[in-house]
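Listing of protein-v3.cif, mmCIF, C-alpha atoms and all ligand atoms
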data_my_file
#
loop_
_atom_site.label_atom_id
_atom_site.label_comp_id
_atom_site.auth_asym_id
_atom_site.auth_seq_id
_atom_site.Cartn_x
_atom_site.Cartn_y
_atom_site.Cartn_z
CA MET A 1 57.94 130.00 118.24
CA ASN A 2 56.94 133.05 116.22
CA ALA A 3 58.08 134.05 112.74
CA LYS A 4 61.04 135.98 114.15
CA SER A 5 62.59 133.09 116.05
CA VAL A 6 62.13 130.39 113.47
CA VAL A 7 62.65 130.12 109.71
CA ARG A 8 59.89 128.45 107.73
CA LEU A 9 61.76 126.21 105.30
CA GLY A 10 60.51 124.57 102.11
CA ILE A 11 62.54 121.71 100.64
CA VAL A 12 62.46 121.14 96.88
CA GLY A 13 63.35 117.53 96.13
CA VAL A 14 62.69 115.09 98.96
CA GLY A 15 64.66 112.18 97.55
CA ASN A 16 67.65 110.74 99.39
CA MET A 17 69.30 113.92 100.61
CA GLY A 18 66.25 116.17 100.80
CA SER A 19 64.36 113.69 102.98
CA ALA A 20 67.40 113.29 105.26
CA HIS A 21 67.34 117.08 105.77
CA ALA A 22 63.55 117.04 106.22
CA ASN A 23 63.70 114.27 108.82
CA ALA A 24 66.49 116.01 110.73
CA ILE A 25 64.29 119.11 110.99
CA LEU A 26 61.21 117.11 111.96
CA GLU A 27 63.29 115.43 114.68
CA ARG A 28 64.05 118.94 116.07
CA LYS A 29 67.77 118.66 115.39
CA VAL A 30 67.74 122.16 113.91
CA PRO A 31 65.59 124.11 116.38
CA ARG A 32 65.46 127.37 114.40
CA LEU A 33 64.18 125.68 111.22
CA GLU A 34 60.58 124.59 110.79
CA LEU A 35 59.69 122.26 107.92
CA ALA A 36 56.87 124.36 106.46
CA ALA A 37 56.52 122.73 103.02
CA VAL A 38 57.94 120.07 100.77
CA CYS A 39 57.98 119.94 96.99
CA ASP A 40 58.68 117.02 94.69
CA ARG A 41 57.67 116.00 91.21
CA ASP A 42 57.18 112.47 92.45
CA PRO A 43 53.90 112.07 94.43
CA ALA A 44 55.29 108.98 96.20
CA ARG A 45 58.08 111.08 97.63
CA LEU A 46 55.62 113.75 98.81
CA ALA A 47 53.44 111.07 100.39
CA ARG A 48 56.22 110.30 102.89
CA PHE A 49 55.64 113.76 104.36
CA ALA A 50 51.85 113.68 104.34
CA ALA A 51 51.60 115.87 107.45
CA ILE A 52 53.49 118.73 105.76
CA PRO A 53 51.98 120.88 102.99
CA GLY A 54 53.21 119.36 99.74
CA PHE A 55 53.61 120.83 96.25
CA ALA A 56 54.32 119.28 92.87
CA SER A 57 55.90 122.52 91.66
CA HIS A 58 58.34 124.85 93.41
CA LEU A 59 56.49 127.83 91.86
CA GLU A 60 53.31 126.84 93.68
CA MET A 61 55.27 126.43 96.89
CA LEU A 62 56.85 129.88 96.48
CA ALA A 63 53.43 131.44 95.79
CA SER A 64 51.83 129.74 98.82
CA GLY A 65 53.28 132.23 101.32
CA LEU A 66 54.21 129.30 103.57
CA VAL A 67 58.00 129.58 103.30
CA ASP A 68 60.68 132.15 104.14
CA ALA A 69 63.53 130.03 102.81
CA VAL A 70 64.11 127.17 100.38
CA LEU A 71 66.54 124.27 100.31
CA ILE A 72 67.09 122.80 96.83
CA ALA A 73 67.96 119.09 96.83
CA THR A 74 67.05 118.14 93.27
CA PRO A 75 69.22 116.75 90.48
CA HIS A 76 71.96 119.20 89.53
CA TYR A 77 70.73 120.96 86.39
CA ASP A 78 67.59 122.09 88.21
CA HIS A 79 69.62 123.91 90.88
CA THR A 80 69.98 126.86 88.48
CA GLY A 81 66.40 127.33 87.28
CA ILE A 82 64.77 126.66 90.64
CA GLY A 83 67.39 128.81 92.36
CA LEU A 84 66.64 131.74 90.03
CA ASP A 85 62.93 131.44 90.85
CA VAL A 86 63.61 131.32 94.60
CA LEU A 87 65.81 134.42 94.46
CA ALA A 88 63.26 136.22 92.25
CA ALA A 89 60.66 135.49 94.95
CA GLY A 90 62.98 137.12 97.52
CA LYS A 91 63.35 133.92 99.59
CA HIS A 92 66.52 132.82 101.37
CA LEU A 93 68.22 129.99 99.51
CA LEU A 94 70.34 127.01 100.49
CA VAL A 95 71.50 124.90 97.53
CA GLU A 96 72.79 121.36 97.76
CA LYS A 97 76.16 120.85 96.13
CA PRO A 98 77.15 121.48 93.37
CA LEU A 99 75.88 125.04 92.94
CA SER A 100 75.21 124.20 89.27
CA VAL A 101 76.69 121.84 86.71
CA HIS A 102 78.94 124.36 84.98
CA LYS A 103 80.48 127.77 85.48
CA ALA A 104 78.03 129.75 83.29
CA ASP A 105 75.02 128.42 85.22
CA CYS A 106 76.72 129.22 88.54
CA GLU A 107 77.36 132.75 87.30
CA ARG A 108 73.69 133.18 86.34
CA LEU A 109 72.64 132.35 89.89
CA ILE A 110 75.30 134.53 91.49
CA ARG A 111 74.46 137.49 89.22
CA ALA A 112 70.77 137.18 90.12
CA TRP A 113 71.65 137.26 93.81
CA GLN A 114 74.06 140.19 93.38
CA LYS A 115 71.40 142.19 91.51
CA HIS A 116 68.79 141.54 94.19
CA PRO A 117 67.79 144.76 95.96
CA GLU A 118 69.02 145.11 99.55
CA PRO A 119 68.48 143.45 101.89
CA ARG A 120 69.59 140.47 99.81
CA PRO A 121 68.39 137.02 100.80
CA VAL A 122 70.84 134.70 102.54
CA PHE A 123 72.38 132.54 99.83
CA ALA A 124 74.24 129.46 101.05
CA GLU A 125 75.49 126.12 99.80
CA MET A 126 75.59 122.76 101.56
CA PHE A 127 79.38 122.60 102.00
CA ASN A 128 79.09 120.26 104.96
CA GLN A 129 82.71 119.11 104.79
CA ARG A 130 83.86 122.64 105.60
CA THR A 131 82.65 121.89 109.14
CA ASP A 132 85.42 119.30 109.58
CA PRO A 133 87.70 121.22 111.99
CA ARG A 134 90.88 119.72 110.50
CA TYR A 135 90.29 121.54 107.21
CA ALA A 136 89.46 124.77 109.01
CA LYS A 137 92.70 124.45 111.00
CA LEU A 138 94.74 123.74 107.86
CA ARG A 139 93.22 126.83 106.26
CA GLN A 140 94.17 128.89 109.27
CA LEU A 141 97.76 127.58 109.18
CA ILE A 142 97.98 128.54 105.50
CA GLN A 143 96.33 131.94 105.81
CA THR A 144 98.39 133.04 108.80
CA GLY A 145 101.59 132.03 106.98
CA GLU A 146 102.43 129.38 109.63
CA LEU A 147 102.94 126.69 107.00
CA GLY A 148 104.86 129.06 104.70
CA ALA A 149 104.42 129.18 100.95
CA ILE A 150 102.70 126.07 99.57
CA ARG A 151 104.93 124.12 97.19
CA ARG A 152 103.00 120.89 96.53
CA ILE A 153 99.53 119.47 97.19
CA ASN A 154 98.37 115.88 96.70
CA TRP A 155 94.84 114.73 97.31
CA ILE A 156 94.05 111.06 96.77
CA ILE A 157 90.30 110.78 97.23
CA THR A 158 89.49 107.30 96.04
CA ASP A 159 87.22 106.16 98.85
CA TRP A 160 84.03 107.22 97.05
CA PHE A 161 83.40 103.58 96.12
CA ARG A 162 80.07 103.06 94.38
CA THR A 163 78.63 99.75 93.17
CA GLU A 164 77.10 98.79 89.85
CA ALA A 165 73.74 98.60 91.70
CA TYR A 166 74.12 102.28 92.66
CA TYR A 167 74.55 103.30 89.04
CA ALA A 168 72.02 100.77 87.77
CA SER A 169 69.37 102.46 89.93
CA GLY A 170 69.06 104.66 86.86
CA GLY A 171 67.15 107.90 86.59
CA TRP A 172 69.34 110.99 86.34
CA ARG A 173 72.44 109.42 87.82
CA ALA A 174 75.71 109.11 85.95
CA THR A 175 74.41 110.63 82.73
CA TRP A 176 75.45 113.82 80.93
CA ALA A 177 71.85 115.00 80.54
CA GLY A 178 70.69 114.06 84.03
CA GLU A 179 73.62 114.56 86.37
CA GLY A 180 76.13 116.46 84.27
CA GLY A 181 79.05 114.21 85.14
CA GLY A 182 80.27 111.42 87.35
CA VAL A 183 82.68 111.36 90.25
CA LEU A 184 83.76 114.99 89.70
CA MET A 185 80.13 116.18 89.67
CA ASN A 186 78.47 114.04 92.34
CA GLN A 187 81.03 112.84 94.86
CA CYS A 188 83.94 115.29 94.59
CA PRO A 189 82.27 118.71 94.85
CA HIS A 190 83.22 118.58 98.55
CA GLN A 191 86.93 118.08 97.88
CA LEU A 192 86.94 120.48 94.91
CA ASP A 193 85.41 123.14 97.15
CA LEU A 194 87.84 122.42 99.97
CA TRP A 195 90.72 122.56 97.50
CA GLN A 196 89.79 126.04 96.29
CA TRP A 197 88.92 127.14 99.86
CA LEU A 198 92.33 126.06 101.12
CA PHE A 199 94.63 126.78 98.19
CA GLY A 200 92.74 128.94 95.69
CA LEU A 201 92.40 128.08 92.02
CA PRO A 202 95.39 127.02 89.93
CA ALA A 203 96.51 128.79 86.75
CA LYS A 204 96.25 125.63 84.66
CA VAL A 205 94.99 122.07 84.77
CA ARG A 206 95.86 118.93 82.82
CA ALA A 207 93.61 115.99 83.56
CA HIS A 208 92.87 112.51 82.33
CA CYS A 209 89.41 111.07 82.93
CA GLN A 210 88.21 107.55 82.28
CA PHE A 211 84.57 107.25 81.28
CA GLY A 212 82.79 104.13 82.49
CA ARG A 213 86.07 102.44 83.40
CA PHE A 214 84.66 100.58 86.40
CA HIS A 215 80.91 100.81 85.74
CA ALA A 216 78.50 100.67 82.82
CA ILE A 217 78.06 104.46 82.73
CA GLU A 218 78.68 107.21 80.18
CA VAL A 219 80.33 109.70 82.55
CA GLU A 220 83.73 109.69 84.29
CA ASP A 221 84.30 107.33 87.19
CA ALA A 222 88.04 108.01 87.45
CA CYS A 223 90.17 111.14 87.12
CA THR A 224 93.80 112.07 87.66
CA ALA A 225 94.61 115.76 87.37
CA TYR A 226 97.79 117.83 87.51
CA LEU A 227 97.34 121.43 88.65
CA GLU A 228 99.86 124.25 88.47
CA TYR A 229 99.80 127.63 90.22
CA ALA A 230 101.24 130.91 88.99
CA ASP A 231 104.04 130.68 91.59
CA GLY A 232 105.02 127.17 90.45
CA ALA A 233 103.23 125.26 93.22
CA THR A 234 101.86 121.98 91.91
CA GLY A 235 98.96 119.76 92.78
CA VAL A 236 97.80 116.26 91.95
CA PHE A 237 94.17 115.22 92.44
CA ILE A 238 93.23 111.57 92.06
CA THR A 239 89.70 110.28 92.39
CA THR A 240 87.50 107.35 91.45
CA THR A 241 84.34 105.53 92.50
CA GLY A 242 85.84 102.21 91.43
CA GLU A 243 88.41 101.49 94.12
CA SER A 244 87.95 99.81 97.48
CA PRO A 245 89.04 100.26 100.23
CA GLY A 246 90.29 103.48 98.61
CA THR A 247 92.19 106.33 100.21
CA ASN A 248 91.37 109.81 101.44
CA ARG A 249 94.74 111.49 101.95
CA LEU A 250 95.47 115.19 101.63
CA GLU A 251 99.18 115.98 101.80
CA VAL A 252 100.43 119.57 101.69
CA ALA A 253 104.10 120.47 101.48
CA GLY A 254 104.87 124.03 102.50
CA GLU A 255 108.10 125.86 103.30
CA ARG A 256 107.51 125.07 106.98
CA GLY A 257 106.97 121.36 106.49
CA ARG A 258 104.36 118.80 105.58
CA ILE A 259 100.77 118.47 106.79
CA VAL A 260 98.76 115.30 106.25
CA ILE A 261 95.05 114.69 106.84
CA GLU A 262 94.25 111.06 106.15
CA GLY A 263 90.97 109.24 106.70
CA PRO A 264 89.48 110.05 110.09
CA GLY A 265 92.97 110.51 111.60
CA PRO A 266 94.41 113.65 113.17
CA LEU A 267 96.01 116.53 111.31
CA THR A 268 99.73 115.73 111.45
CA TRP A 269 102.39 118.35 110.82
CA ILE A 270 106.11 117.65 110.46
CA ARG A 271 107.29 121.21 111.00
CA ASN A 272 110.57 122.52 109.60
CA GLN A 273 112.37 124.69 112.10
CA VAL A 274 113.76 126.73 109.16
CA PRO A 275 111.86 127.16 105.88
CA MET A 276 113.21 124.56 103.44
CA SER A 277 114.30 127.00 100.67
CA GLU A 278 116.10 129.24 103.16
CA PHE A 279 117.87 126.19 104.59
CA SER A 280 118.84 124.96 101.13
CA GLN A 281 120.29 128.33 100.19
CA THR A 282 122.21 128.98 103.40
CA THR A 283 123.61 125.64 104.60
CA LYS A 284 127.16 124.62 103.65
CA ALA A 285 126.31 120.93 104.07
CA ALA A 286 125.52 118.91 100.93
CA PHE A 287 123.19 116.32 102.46
CA ASP A 288 121.76 118.08 105.49
CA ARG A 289 118.08 119.00 105.89
CA PRO A 290 116.13 121.30 108.21
CA GLU A 291 115.54 120.07 111.71
CA ALA A 292 111.89 119.02 111.86
CA TRP A 293 109.47 118.49 114.75
CA LYS A 294 106.28 116.52 114.85
CA VAL A 295 103.63 118.99 116.02
CA GLU A 296 100.31 117.97 117.53
CA VAL A 297 97.85 120.60 116.30
CA PRO A 298 94.58 120.72 118.22
CA CYS A 299 91.56 121.04 115.92
CA PRO A 300 88.64 122.14 118.06
CA GLY A 301 85.21 122.18 116.44
CA ALA A 302 81.92 120.37 116.24
CA ASN A 303 82.30 118.60 112.87
CA GLY A 304 78.54 119.02 112.65
CA GLN A 305 78.37 118.34 108.90
CA HIS A 306 74.86 118.79 107.38
CA LEU A 307 73.23 119.74 110.67
CA GLU A 308 75.83 122.45 111.27
CA ILE A 309 75.17 123.93 107.82
CA LEU A 310 71.40 123.88 108.43
CA ARG A 311 71.82 125.56 111.83
CA ASN A 312 74.21 128.11 110.36
CA PHE A 313 71.73 128.90 107.56
CA ALA A 314 69.02 129.62 110.14
CA ASP A 315 71.42 131.65 112.29
CA ALA A 316 72.46 133.70 109.24
CA ILE A 317 68.81 134.52 108.45
CA LEU A 318 67.72 135.24 112.02
CA ALA A 319 70.85 136.76 113.52
CA GLY A 320 73.22 137.66 110.67
CA ALA A 321 75.71 134.89 111.50
CA PRO A 322 78.51 134.60 108.90
CA LEU A 323 77.86 131.71 106.52
CA ILE A 324 80.09 128.63 106.59
CA GLY A 325 79.42 128.10 102.88
CA PRO A 326 78.43 131.29 101.03
CA ALA A 327 76.94 130.09 97.74
CA PRO A 328 78.83 132.57 95.52
CA GLU A 329 82.01 130.68 96.50
CA GLY A 330 80.46 127.57 94.96
CA VAL A 331 81.45 128.60 91.46
CA HIS A 332 85.14 128.00 92.19
CA GLY A 333 84.90 124.28 92.91
CA VAL A 334 82.59 123.89 89.91
CA GLU A 335 85.13 125.70 87.72
CA LEU A 336 87.89 123.40 88.99
CA GLY A 337 85.86 120.28 88.21
CA ASN A 338 84.85 121.71 84.81
CA ALA A 339 88.54 122.39 84.08
CA MET A 340 89.44 118.76 84.84
CA LEU A 341 86.65 117.43 82.65
CA MET A 342 87.35 119.83 79.77
CA SER A 343 91.07 119.09 79.87
CA ALA A 344 90.32 115.38 79.56
CA LEU A 345 87.74 115.83 76.78
CA TRP A 346 89.82 118.34 74.82
CA ASP A 347 93.01 116.37 75.48
CA ARG A 348 95.03 119.44 76.41
CA THR A 349 96.05 121.70 79.25
CA VAL A 350 93.38 124.30 80.08
CA ALA A 351 94.07 127.72 81.58
CA LEU A 352 91.94 129.26 84.31
CA PRO A 353 89.80 131.31 84.49
CA LEU A 354 87.80 129.09 82.15
CA ASP A 355 85.80 130.44 79.25
CA ALA A 356 82.36 129.76 80.76
CA ALA A 357 80.57 129.96 77.40
CA ALA A 358 82.90 127.41 75.80
CA VAL A 359 82.28 125.01 78.69
CA ALA A 360 78.51 125.51 78.34
CA VAL A 361 78.75 124.67 74.62
CA GLU A 362 80.69 121.50 75.45
CA TYR A 363 77.95 120.54 77.91
CA GLN A 364 75.32 120.99 75.22
CA ARG A 365 77.29 118.53 73.08
CA LEU A 366 77.54 116.06 75.97
CA ILE A 367 73.83 116.40 76.75
CA ALA A 368 72.95 115.76 73.08
CA SER A 369 75.04 112.58 73.17
CA SER A 370 73.50 111.35 76.44
CA ARG A 371 71.50 108.16 76.73
CA HIS A 372 69.51 109.64 79.62
CA LYS A 373 65.75 109.80 79.18
CA PRO A 374 64.84 112.89 81.19
CA GLU A 375 62.03 111.34 83.24
CA PRO A 376 62.67 111.17 86.97
CA ALA A 377 62.82 107.57 88.14
CA ALA A 378 62.22 106.44 91.67
CA SER A 379 65.54 105.51 93.13
CA ALA A 380 66.10 101.97 94.32
CA ILE A 381 68.88 103.13 96.59
CA ALA A 382 66.86 105.34 98.92
CA SER A 383 66.91 102.99 101.89
CA ASP A 384 70.66 102.36 101.56
CA PHE A 385 71.22 106.08 101.50
CA ALA A 386 69.11 106.69 104.57
CA ALA A 387 71.06 104.03 106.44
CA SER A 388 74.42 105.54 105.51
CA HIS A 389 73.33 109.09 106.47
CA ARG A 390 71.77 108.28 109.85
CA ARG A 391 72.60 111.02 112.32
N1 LIG B 1 75.76 117.14 100.79
C1 LIG B 1 75.76 115.82 100.67
O1 LIG B 1 76.40 115.12 101.44
C2 LIG B 1 74.93 115.18 99.58
C3 LIG B 1 74.76 113.78 99.57
C4 LIG B 1 73.94 113.24 98.56
C5 LIG B 1 73.35 114.05 97.60
N2 LIG B 1 73.59 115.40 97.64
C6 LIG B 1 73.01 116.29 96.65
O2 LIG B 1 71.59 116.36 96.87
C7 LIG B 1 70.93 116.58 95.62
C8 LIG B 1 69.87 115.49 95.41
O3 LIG B 1 70.53 114.23 95.39
P1 LIG B 1 69.73 112.91 95.84
O4 LIG B 1 70.74 111.84 95.96
O5 LIG B 1 68.89 113.23 97.00
O6 LIG B 1 68.81 112.66 94.56
P2 LIG B 1 67.42 111.86 94.50
O7 LIG B 1 67.26 111.44 93.09
O8 LIG B 1 67.38 110.82 95.58
O9 LIG B 1 66.35 112.97 94.87
C9 LIG B 1 66.04 114.03 94.02
C10 LIG B 1 64.55 114.35 94.21
O10 LIG B 1 64.25 115.53 93.46
C11 LIG B 1 62.98 115.34 92.83
N3 LIG B 1 62.92 116.26 91.71
C12 LIG B 1 63.59 116.20 90.54
N4 LIG B 1 63.37 117.29 89.80
C13 LIG B 1 62.51 118.08 90.52
C14 LIG B 1 61.92 119.32 90.30
N5 LIG B 1 62.16 120.03 89.19
N6 LIG B 1 61.09 119.82 91.25
C15 LIG B 1 60.82 119.13 92.39
N7 LIG B 1 61.38 117.93 92.65
C16 LIG B 1 62.23 117.40 91.74
C17 LIG B 1 62.95 113.87 92.46
O11 LIG B 1 61.64 113.40 92.25
C18 LIG B 1 63.62 113.26 93.69
O12 LIG B 1 62.67 112.93 94.68
C19 LIG B 1 72.03 116.60 94.55
O13 LIG B 1 72.43 117.93 94.35
C20 LIG B 1 73.14 115.81 95.21
O14 LIG B 1 74.42 116.11 94.70
C21 LIG B 1 74.34 115.96 98.62
#
Just dump the structure as structure tokens.
Ligand SMILES: NC(=O)c1ccc[n+]([C@@H]2O[C@H](COP(=O)([O-])OP(=O)(O)OC[C@H]3O[C@@H](n4cnc5c(N)ncnc54)[C@H](O)[C@@H]3O)[C@@H](O)[C@H]2O)c1
Amino acid sequence: MNAKSVVRLGIVGVGNMGSAHANAILERKVPRLELAAVCDRDPARLARFAAIPGFASHLEMLASGLVDAVLIATPHYDHTGIGLDVLAAGKHLLVEKPLSVHKADCERLIRAWQKHPEPRPVFAEMFNQRTDPRYAKLRQLIQTGELGAIRRINWIITDWFRTEAYYASGGWRATWAGEGGGVLMNQCPHQLDLWQWLFGLPAKVRAHCQFGRFHAIEVEDACTAYLEYADGATGVFITTTGESPGTNRLEVAGERGRIVIEGPGPLTWIRNQVPMSEFSQTTKAAFDRPEAWKVEVPCPGANGQHLEILRNFADAILAGAPLIGPAPEGVHGVELGNAMLMSALWDRTVALPLDAAAVAVEYQRLIASSRHKPEPAASAIASDFAASHRR
């Protein structure tokens, strides 16, 4: 293939996730991406890709002329600085979730991309759960008005169970200075993004987090949040890494009924024949309710997860395909997670939009209090991760 039919990709950070992406490309699962370079601070990690040009620094990789595009799969704080360098070098950029740890850092990246002279590089985020066709269908039912105005949302996402061994693997994980948070920062960015993608951001958030409730960690491993929208719609978001078997249940009550997506099951919709408020205001009966039908909603789609995002990134660069996860949208899920954490730390309701500078100051305080020693440590969980992400 020549340079016009293939994108030469460099991956920064070939730990658990970065090496899964690298191996998928080497196995030709993403035909329009070529693994042209890898970069990692840890020589042992680079050694696993000895046949590919390797760099200890992303700046050297950018200067090498070997790459057209970069995928960042490092610990979270580095997404911002490395991302700024990639954009300054005019390379296309795909960032692992979360875009950055807090809103101000996300805005720095987005501003740099917006200020880039045309044509701007493709700037995407690894929102692989957006490829689940059930969420795309739910979004369509909301945006077309089929479900009617949303009145209540509940998401119980407690099946992110993680063991003490996972956290004890050390390094940057589960520390304020290394990871920037716990379950809201590492596991939930997918659901926080889907929440904002489906329902938009609320006007206010009141949350309670528990820090090291189930594990010997300094960051949150449990959170329950109440969200309220300007039109009175409410939401409850419950998450933890300490519960097994746990639940993944998204329940949405709209004027036209209730939709549930639970576990790997189908999207189920109990559809009101008449919108519930209209029925309430027009019926003469005291205990009647709208007639409701169970609707089978087909959800066509590939559910291609990480591979679909990688293919879409290449297609966006080579053929202008619309991105599944445009990175500038990544700030919204980060802001939602920041709002939950700040509400818990400040012990009060917080209004959105958040004051990004105030959140950044709070992060500086958290980082100063952190027990993390900022030296990257080889992760003992790499083989477990590879096994659970086999594709
Ligand atoms: N989309 C998903 O499903 C998914 C799943 C897991 C992890 N992730 C994300 O992937 C990213 C990496 O997570 P992980 O679990 O692979 O972590 P990891 O610790 O296994 O790997 C990180 C790698 O980055 C390297 N590194 C650190 N700083 C660097 C720097 N400045 N320059 C070059 N290399 C550097 C480390 O040496 C390590 O090899 C995180 O953003 C995480 O949230 C996404």
For segment 12-25 of chain A, list every protein, DNA or RNA residue within 8 Å, evaluated using only C-alpha atoms, and leave out those in the same chain fewer than 4 positions away; present the list as a list in words.
Lys29, Val30, Pro31, Leu33, Glu34, Leu35, Val38, Cys39, Asp40, Arg41, Arg45, Leu46, His58, Val70, Leu71, Ile72, Ala73, Thr74, His306, Leu307, Ala382, Phe385, Ala386 and His389 of chain A
I want to know what sits within 12 Å of His79 of chain A, based on all atoms listed in the file, with residues of the same chain fewer than 5 positions away left out; could you give that as a JSON list (two decimals) with C-alpha atoms, in the coordinates of the input?
[["chain", "number", "residue", "atom", "x", "y", "z"],
["A", 12, "VAL", "CA", 62.46, 121.14, 96.88],
["A", 13, "GLY", "CA", 63.35, 117.53, 96.13],
["A", 58, "HIS", "CA", 58.34, 124.85, 93.41],
["A", 70, "VAL", "CA", 64.11, 127.17, 100.38],
["A", 71, "LEU", "CA", 66.54, 124.27, 100.31],
["A", 72, "ILE", "CA", 67.09, 122.80, 96.83],
["A", 73, "ALA", "CA", 67.96, 119.09, 96.83],
["A", 74, "THR", "CA", 67.05, 118.14, 93.27],
["A", 84, "LEU", "CA", 66.64, 131.74, 90.03],
["A", 85, "ASP", "CA", 62.93, 131.44, 90.85],
["A", 86, "VAL", "CA", 63.61, 131.32, 94.60],
["A", 87, "LEU", "CA", 65.81, 134.42, 94.46],
["A", 93, "LEU", "CA", 68.22, 129.99, 99.51],
["A", 94, "LEU", "CA", 70.34, 127.01, 100.49],
["A", 95, "VAL", "CA", 71.50, 124.90, 97.53],
["A", 96, "GLU", "CA", 72.79, 121.36, 97.76],
["A", 97, "LYS", "CA", 76.16, 120.85, 96.13],
["A", 98, "PRO", "CA", 77.15, 121.48, 93.37],
["A", 99, "LEU", "CA", 75.88, 125.04, 92.94],
["A", 100, "SER", "CA", 75.21, 124.20, 89.27],
["A", 101, "VAL", "CA", 76.69, 121.84, 86.71],
["A", 102, "HIS", "CA", 78.94, 124.36, 84.98],
["A", 105, "ASP", "CA", 75.02, 128.42, 85.22],
["A", 106, "CYS", "CA", 76.72, 129.22, 88.54],
["A", 108, "ARG", "CA", 73.69, 133.18, 86.34],
["A", 109, "LEU", "CA", 72.64, 132.35, 89.89],
["A", 125, "GLU", "CA", 75.49, 126.12, 99.80],
["A", 179, "GLU", "CA", 73.62, 114.56, 86.37],
["A", 180, "GLY", "CA", 76.13, 116.46, 84.27],
["A", 327, "ALA", "CA", 76.94, 130.09, 97.74]]
Which residue out of A:Ile317, A:Ala174, A:Leu66, A:Ala360 has the minimum interatomic distance to Val122 of chain A when all atoms listed in the file are used?
A:Ile317
Point-to-point distance in Å for atom CA of Gln196 of chain A and atom CA of Ala351 of chain A
15.4 Å
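Here atom CA of Gly257 of chain A and atom CA of Ile324 of chain A stand 27.8 Å from one another.
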List as number ranges by chain the protein and nucleic acid residues near Arg365 of chain A, meaning an atom at most 12 Å away when all atoms listed in the file are counted, but skip any in the same chain fewer than 6 places from it.
A: 176-177, 180, 345, 358-359
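You can rank A:Pro266, A:Pro328, A:Gly83, A:Pro298 by their closest distance to ligand LIG 1 (chain B) using only C-alpha atoms and all ligand atoms, and at the top of that list sits A:Gly83.
Separating atom CA of Gly330 of chain A from atom CA of Arg130 of chain A is a distance of 12.2 Å.
Using only C-alpha atoms and all ligand atoms, the smallest distance between any of A:Ile367, A:Val274, A:Val6, A:Ala56 and ligand LIG 1 (chain B) comes from A:Ala56.
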In terms of the shortest atom-to-atom distance over only C-alpha atoms, which of A:Glu262, A:Glu278, A:Glu296, A:Glu291 is closest to Thr158 of chain A?
A:Glu262
Under the rule that only C-alpha atoms and all ligand atoms are counted, which of A:Glu308, A:Glu118, A:Glu107, A:Glu251 is the nearest residue to ligand LIG 1 (chain B)?
A:Glu308
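Remark: for ligand LIG 1 (chain B), the closest of the candidate residues A:Glu60, A:Asp78, A:Asp347, A:Asp193 is A:Asp78 (distances computed over only C-alpha atoms and all ligand atoms).
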